[in-house]
$ cat coords_12.cif   # mmCIF, C-alpha atoms
data_upload
#
loop_
_atom_site.label_atom_id
_atom_site.label_comp_id
_atom_site.auth_asym_id
_atom_site.auth_seq_id
_atom_site.Cartn_x
_atom_site.Cartn_y
_atom_site.Cartn_z
CA MET Z 163 101.23 160.02 55.49
CA LEU Z 164 98.10 158.05 54.64
CA ASN Z 165 96.27 156.55 57.61
CA ASN Z 166 99.39 156.79 59.76
CA ARG Z 167 101.66 155.05 57.26
CA GLU Z 168 104.35 156.72 55.14
CA GLU Z 169 103.38 156.88 51.47
CA GLU Z 170 105.28 158.05 48.44
CA PHE Z 171 103.91 159.18 45.13
CA SER Z 172 105.92 159.71 41.97
CA VAL Z 173 104.53 163.20 41.43
CA PRO Z 174 105.14 166.26 43.65
CA THR Z 175 101.45 167.04 44.02
CA LEU Z 176 98.21 165.31 43.01
CA THR Z 177 94.51 165.87 43.49
CA VAL Z 178 92.52 163.75 45.92
CA ASN Z 179 90.80 162.04 42.95
CA GLU Z 180 94.16 161.20 41.40
CA MET Z 181 95.36 159.74 44.69
CA LEU Z 182 92.25 157.57 44.95
CA GLU Z 183 92.84 156.27 41.41
CA ILE Z 184 96.54 155.54 41.90
CA LYS Z 185 95.85 153.67 45.13
CA ARG Z 186 92.91 151.86 43.46
CA PHE Z 187 90.63 152.85 46.29
CA SER Z 188 87.26 151.75 44.99
CA PHE Z 189 84.22 153.93 44.55
CA ARG Z 190 82.65 153.97 48.01
CA MET Z 191 81.38 156.40 50.53
CA ARG Z 192 84.25 157.70 52.60
CA VAL Z 193 85.58 160.49 54.78
CA ILE Z 194 88.87 162.16 53.89
CA LYS Z 195 90.73 164.64 56.07
CA ILE Z 196 93.97 166.32 55.07
CA ASN Z 197 95.96 167.89 57.91
CA GLY Z 198 92.88 167.77 60.12
CA VAL Z 199 90.56 169.42 57.59
CA LEU Z 200 87.66 167.52 56.10
CA ILE Z 201 87.63 167.48 52.29
CA PRO Z 202 84.08 167.19 50.99
CA ARG Z 203 83.44 164.90 48.02
CA GLY Z 204 82.72 167.88 45.76
CA MET Z 205 86.30 169.09 46.20
CA TYR Z 206 88.17 165.85 45.42
CA ASP Z 207 88.97 167.13 41.94
CA THR Z 208 90.32 170.48 43.04
CA THR Z 209 92.05 169.71 46.33
CA ASN Z 210 95.77 169.05 46.06
CA ILE Z 211 97.84 166.72 48.20
CA ARG Z 212 101.39 167.90 48.87
CA GLU Z 213 104.64 166.57 50.30
CA GLY Z 214 104.31 166.09 54.05
CA ASP Z 215 100.50 166.12 54.12
CA ASN Z 216 98.81 163.93 56.70
CA ILE Z 217 95.82 162.15 55.15
CA GLN Z 218 93.20 160.23 57.10
CA MET Z 219 90.62 158.20 55.21
CA LEU Z 220 87.87 155.91 56.38
CA TYR Z 221 85.20 153.91 54.57
CA LEU Z 222 81.57 154.31 55.54
CA MET Z 223 79.73 150.98 55.39
CA SER Z 224 75.95 150.90 55.11
CA GLY Z 225 74.09 149.55 58.10
CA GLY Z 226 72.84 151.12 61.30
CA MET L 283 84.37 158.37 91.02
CA ARG L 284 80.91 157.65 92.38
CA PHE L 285 77.94 157.23 90.04
CA SER L 286 76.18 160.22 91.56
CA GLU L 287 79.10 162.47 90.59
CA ILE L 288 79.23 161.00 87.09
CA GLU L 289 75.49 161.42 86.64
CA SER L 290 75.65 164.98 87.93
CA HIS L 291 78.41 165.82 85.46
CA LEU L 292 76.77 164.13 82.45
CA GLY L 293 73.49 165.83 83.28
CA LYS L 294 74.94 169.10 82.02
CA PHE L 295 75.39 167.95 78.44
CA THR L 296 73.35 167.48 75.27
CA VAL L 297 73.99 164.70 72.77
CA GLY L 298 72.52 164.50 69.26
CA ILE L 299 71.55 161.14 67.79
CA ALA L 300 71.18 161.19 64.00
CA GLY L 301 68.90 158.24 63.29
CA ALA L 302 66.89 156.11 65.71
CA GLY L 303 67.46 152.68 64.20
CA GLY L 304 69.79 149.94 65.34
CA LEU L 305 72.65 152.23 66.28
CA GLY L 306 70.68 155.26 67.41
CA SER L 307 68.10 153.54 69.62
CA ASN L 308 70.65 151.40 71.43
CA CYS L 309 73.12 154.26 71.84
CA ALA L 310 70.43 156.63 73.14
CA VAL L 311 69.26 154.11 75.73
CA SER L 312 72.77 153.63 77.11
CA LEU L 313 73.36 157.36 77.28
CA ALA L 314 70.03 157.80 79.08
CA ARG L 315 70.94 155.10 81.60
CA CYS L 316 74.16 156.96 82.38
CA GLY L 317 72.35 160.25 82.91
CA VAL L 318 73.28 162.37 79.86
CA GLY L 319 71.04 165.37 80.49
CA THR L 320 69.49 165.97 77.08
CA LEU L 321 69.18 163.79 73.99
CA VAL L 322 68.20 165.26 70.62
CA ILE L 323 66.89 162.40 68.50
CA ALA L 324 65.93 162.68 64.83
CA ASP L 325 64.35 160.01 62.62
CA PHE L 326 61.49 160.11 60.08
CA ASP L 327 60.74 156.39 60.13
CA MET L 328 58.18 154.14 61.83
CA VAL L 329 58.75 151.06 63.98
CA GLU L 330 58.23 147.81 62.04
CA PRO L 331 58.33 144.21 63.34
CA ALA L 332 61.47 143.51 61.25
CA ASN L 333 63.30 146.25 63.20
CA LEU L 334 63.01 144.30 66.45
CA THR L 335 65.95 142.06 65.51
CA ARG L 336 68.19 144.84 66.79
CA GLN L 337 66.40 148.13 67.48
CA TYR L 338 65.39 149.22 70.97
CA TYR L 339 61.64 149.01 70.42
CA PHE L 340 58.87 146.64 71.47
CA ALA L 341 56.36 144.58 69.46
CA ASP L 342 53.48 146.71 70.68
CA GLN L 343 55.15 149.82 69.25
CA ALA L 344 54.80 148.71 65.60
CA GLY L 345 53.37 151.60 63.63
CA MET L 346 54.62 154.28 66.01
CA LEU L 347 57.07 156.93 64.82
CA LYS L 348 60.56 155.91 65.98
CA ALA L 349 61.39 159.31 67.43
CA ASP L 350 58.25 159.15 69.61
CA ALA L 351 58.65 155.48 70.55
CA LEU L 352 62.26 155.99 71.60
CA LYS L 353 61.33 159.04 73.64
CA LYS L 354 58.72 156.91 75.44
CA ASN L 355 61.18 154.08 76.05
CA ILE L 356 63.75 156.47 77.48
CA ALA L 357 61.13 158.05 79.74
CA ARG L 358 60.38 154.60 81.17
CA ILE L 359 64.09 153.94 81.78
CA ASN L 360 65.12 157.31 83.16
CA PRO L 361 62.38 159.95 83.45
CA ALA L 362 64.95 162.60 84.39
CA ILE L 363 66.43 162.66 80.89
CA LYS L 364 65.14 165.37 78.57
CA VAL L 365 64.44 164.03 75.08
CA ILE L 366 63.80 166.32 72.12
CA ALA L 367 62.34 164.09 69.43
CA HIS L 368 62.29 165.26 65.82
CA ASN L 369 60.20 163.32 63.34
CA ILE L 370 62.08 164.55 60.27
CA LYS L 371 64.43 163.40 57.55
CA LEU L 372 67.78 165.00 58.22
CA ASP L 373 69.59 166.77 55.38
CA GLU L 374 72.28 169.39 54.67
CA SER L 375 69.99 172.26 55.54
CA ASN L 376 68.47 171.10 58.83
CA ILE L 377 71.33 169.23 60.50
CA PRO L 378 73.07 172.32 61.90
CA THR L 379 69.75 173.60 63.25
CA VAL L 380 68.51 170.34 64.73
CA PHE L 381 71.83 169.62 66.48
CA LYS L 382 72.71 173.23 67.27
CA SER L 383 72.91 172.80 71.04
CA CYS L 384 74.71 169.46 71.01
CA ASP L 385 78.06 168.84 72.63
CA VAL L 386 78.55 165.64 70.62
CA VAL L 387 76.73 164.12 67.63
CA VAL L 388 76.29 160.38 67.13
CA GLU L 389 76.01 159.28 63.48
CA ALA L 390 73.46 156.47 63.44
CA PHE L 391 72.17 156.32 59.87
CA ASP L 392 71.68 153.21 57.79
CA SER L 393 72.77 154.43 54.36
CA ASN L 394 76.41 155.21 53.74
CA GLU L 395 75.48 158.22 51.61
CA MET L 396 73.68 159.74 54.59
CA LYS L 397 76.69 158.91 56.81
CA GLU L 398 78.98 160.80 54.46
CA MET L 399 76.59 163.75 54.26
CA LEU L 400 76.25 164.03 58.03
CA VAL L 401 80.00 163.87 58.66
CA GLU L 402 80.66 166.53 56.02
CA ILE L 403 78.01 168.89 57.42
CA VAL L 404 79.00 168.50 61.08
CA GLN L 405 82.74 168.77 60.38
CA MET L 406 82.39 171.80 58.11
CA ARG L 407 79.45 173.70 59.61
CA MET L 408 79.67 172.74 63.29
CA PRO L 409 83.45 172.90 63.80
CA GLY L 410 84.66 171.67 67.15
CA THR L 411 81.64 169.37 67.66
CA PRO L 412 82.83 165.77 67.86
CA VAL L 413 81.02 163.27 65.64
CA ILE L 414 81.07 159.53 66.35
CA ILE L 415 80.53 157.43 63.22
CA GLY L 416 79.16 153.89 63.16
CA SER L 417 80.56 151.89 60.24
CA GLY L 418 80.39 148.13 59.74
CA LEU L 419 78.08 146.08 61.98
CA ALA L 420 76.52 143.28 59.91
CA GLY L 421 76.25 139.56 60.63
CA TRP L 422 77.34 137.62 63.70
CA GLY L 423 80.52 136.44 65.42
CA ASP L 424 83.82 138.20 64.75
CA ASN L 425 83.77 140.16 67.98
CA GLU L 426 87.43 140.95 67.57
CA THR L 427 86.94 142.84 64.30
CA ILE L 428 84.70 145.43 65.97
CA ILE L 429 86.89 148.30 67.06
CA SER L 430 86.72 151.88 68.12
CA ARG L 431 89.22 154.47 66.97
CA LYS L 432 89.89 158.16 67.24
CA ILE L 433 90.82 159.95 64.02
CA ASP L 434 91.20 163.29 65.79
CA ASP L 435 89.49 165.38 68.48
CA THR L 436 86.34 165.83 66.38
CA LEU L 437 86.12 162.47 64.56
CA TYR L 438 85.73 158.96 65.94
CA VAL L 439 84.59 155.72 64.33
CA CYS L 440 83.23 152.49 65.84
CA GLY L 441 82.56 149.26 63.95
CA ASP L 442 84.39 146.74 61.81
CA GLU L 443 84.68 149.28 58.97
CA SER L 444 84.16 146.50 56.43
CA THR L 445 80.80 144.70 56.52
CA THR L 446 77.74 146.05 54.71
CA ALA L 447 74.35 145.22 56.17
CA GLY L 448 71.90 143.73 53.67
CA ASP L 449 69.52 140.84 53.05
CA GLU L 450 72.29 138.25 52.76
CA MET L 451 74.13 139.57 55.81
CA PRO L 452 71.56 141.24 58.03
CA PRO L 453 72.30 143.36 61.06
CA LEU L 454 71.68 141.39 64.27
CA ALA L 455 71.30 142.63 67.84
CA PRO L 456 74.67 141.62 69.29
CA ARG L 457 77.04 143.26 66.78
CA VAL L 458 74.76 146.26 66.30
CA SER L 459 74.49 146.80 70.04
CA ILE L 460 78.24 146.42 70.48
CA VAL L 461 78.90 149.18 67.93
CA ALA L 462 76.11 151.37 69.37
CA ASN L 463 77.53 150.94 72.86
CA MET L 464 81.07 151.65 71.71
CA GLN L 465 79.65 154.89 70.32
CA ALA L 466 77.93 155.59 73.67
CA ASN L 467 81.11 154.75 75.57
CA THR L 468 83.06 157.16 73.35
CA VAL L 469 80.49 159.89 74.05
CA ILE L 470 80.83 159.34 77.80
CA GLU L 471 84.61 159.44 77.50
CA ILE L 472 84.46 162.78 75.67
CA LEU L 473 81.96 164.27 78.12
CA MET L 474 83.82 163.05 81.22
CA ASN L 475 86.88 164.93 79.92
CA LYS L 476 84.96 168.21 79.65
#

$ encode --input "coords_12.cif" --output "structure tokens"
Amino acid sequence: MLNNREEEFSVPTLTVNEMLEIKRFSFRMRVIKINGVLIPRGMYDTTNIREGDNIQMLYLMSGG
Amino acid sequence: MRFSEIESHLGKFTVGIAGAGGLGSNCAVSLARCGVGTLVIADFDMVEPANLTRQYYFADQAGMLKADALKKNIARINPAIKVIAHNIKLDESNIPTVFKSCDVVVEAFDSNEMKEMLVEIVQMRMPGTPVIIGSGLAGWGDNETIISRKIDDTLYVCGDESTTAGDEMPPLAPRVSIVANMQANTVIEILMNK
């Protein structure tokens, strides 16, 4: 699940970076949580997404 | 529930405000009006005339440190509120210390890199402490695009999640205050459930 919608990927597992590329999510500041755990930017390359994972992602827009 | 009961309940809690600009100053003022007992406010910047388009400061405060000016403004609104004002630039190393005693942290930075940094640090090093993000508040109109949502028990976001504030689309008082007050309203909701 990605942001409360069912998603399917053609591979059994992929890293967070790979997911961002496949979905063409642009380079921006964001927050990603997988199964309720925050994944820091430094771990996007090494954190794997698996079947059944619940992913929440939000963009952080400058201004405030 | 009567206001006196609400105020008495909120008086027990401490809320951290990371940044005292458009979001932080307006959010802090609303929380103070409601009676949140202690506010921990951190900002390194100074009040400038250009800030007055949306930040809760006054023309005669130009040149003052924001953390100090906001503390003064809150004292004039509700002298019972305790304000701990930090004139510092927040970073990975000081955030957990500055906001150590906080029941909730409000993310009120300008730059999206700082927003990301704060969320990472609070989520990873202060587990269980809810953080309320402000994201997307530029321009005017479009009231209906400004929303508030709960990601989970420790993460909330308020804003339109799409506009970037800049010279061609500046932040203006109404939308900024709406987002700041949605953040404050979310804080009150969390605290009233404690």

$ interface_residues --input "coords_12.cif" --of "chain Z" --to "chain L" --cutoff "12 Å" --atoms "only C-alpha atoms" --output "list in words"
Asn165, Asn166, Arg190, Met191, Arg192, Val193, Ile194, Lys195, Ile196, Asn197, Gly198, Val199, Leu200, Ile201, Pro202, Arg203, Gly204, Met205, Asn216, Ile217, Gln218, Met219, Leu220, Tyr221, Leu222, Met223, Ser224, Gly225 and Gly226 of chain Z

$ resolve_selection --input "coords_12.cif" --expression "the PyMOL selection byres ((chain Z and resi 170-172) around 12)" --output "PyMOL selection string"
chain Z and resi 163-164+167-169+173-177+180-182+184-185+211-215

$ write_last_selection --input "coords_12.cif" --atoms "C-alpha atoms" --output "tab-separated table (two decimals), in the coordinates of the input"
chain	number	residue	atom	x	y	z
Z	163	MET	CA	101.23	160.02	55.49
Z	164	LEU	CA	98.10	158.05	54.64
Z	167	ARG	CA	101.66	155.05	57.26
Z	168	GLU	CA	104.35	156.72	55.14
Z	169	GLU	CA	103.38	156.88	51.47
Z	173	VAL	CA	104.53	163.20	41.43
Z	174	PRO	CA	105.14	166.26	43.65
Z	175	THR	CA	101.45	167.04	44.02
Z	176	LEU	CA	98.21	165.31	43.01
Z	177	THR	CA	94.51	165.87	43.49
Z	180	GLU	CA	94.16	161.20	41.40
Z	181	MET	CA	95.36	159.74	44.69
Z	182	LEU	CA	92.25	157.57	44.95
Z	184	ILE	CA	96.54	155.54	41.90
Z	185	LYS	CA	95.85	153.67	45.13
Z	211	ILE	CA	97.84	166.72	48.20
Z	212	ARG	CA	101.39	167.90	48.87
Z	213	GLU	CA	104.64	166.57	50.30
Z	214	GLY	CA	104.31	166.09	54.05
Z	215	ASP	CA	100.50	166.12	54.12

$ atom_distance --input "coords_12.cif" --atom1 "atom CA of L:Lys476" --atom2 "atom CA of L:Arg457"
29.2 Å

$ atom_distance --input "coords_12.cif" --atom1 "atom CA of L:Arg315" --atom2 "atom CA of L:Asn425"
23.9 Å

$ axis_aligned_box --input "coords_12.cif" --around "stretch 205-220 of chain Z" --padding-each-side "6 Å" --output "JSON"
{"center_x": 95.5, "center_y": 163.2, "center_z": 49.5, "size_x": 30.3, "size_y": 26.6, "size_z": 27.2}

$ atom_distance --input "coords_12.cif" --atom1 "atom CA of L:Val365" --atom2 "atom CA of L:Ser430"
26.3 Å

$ residues_around --input "coords_12.cif" --residues "stretch 316-332 of chain L" --least-positions-apart "5" --cutoff "7 Å" --atoms "all atoms listed in the file" --output "list in words"
Glu289, Leu292, Gly293, Lys294, Phe295, Thr296, Val297, Gly298, Ile299, Ala300, Gly301, Ala302, Ala341, Gln343, Ala344, Gly345, Met346, Leu347, Lys348, Ala349, Ile363, Lys364, Val365, Ile366, Ala367, His368, Asn369, Ile370 and Lys371 of chain L
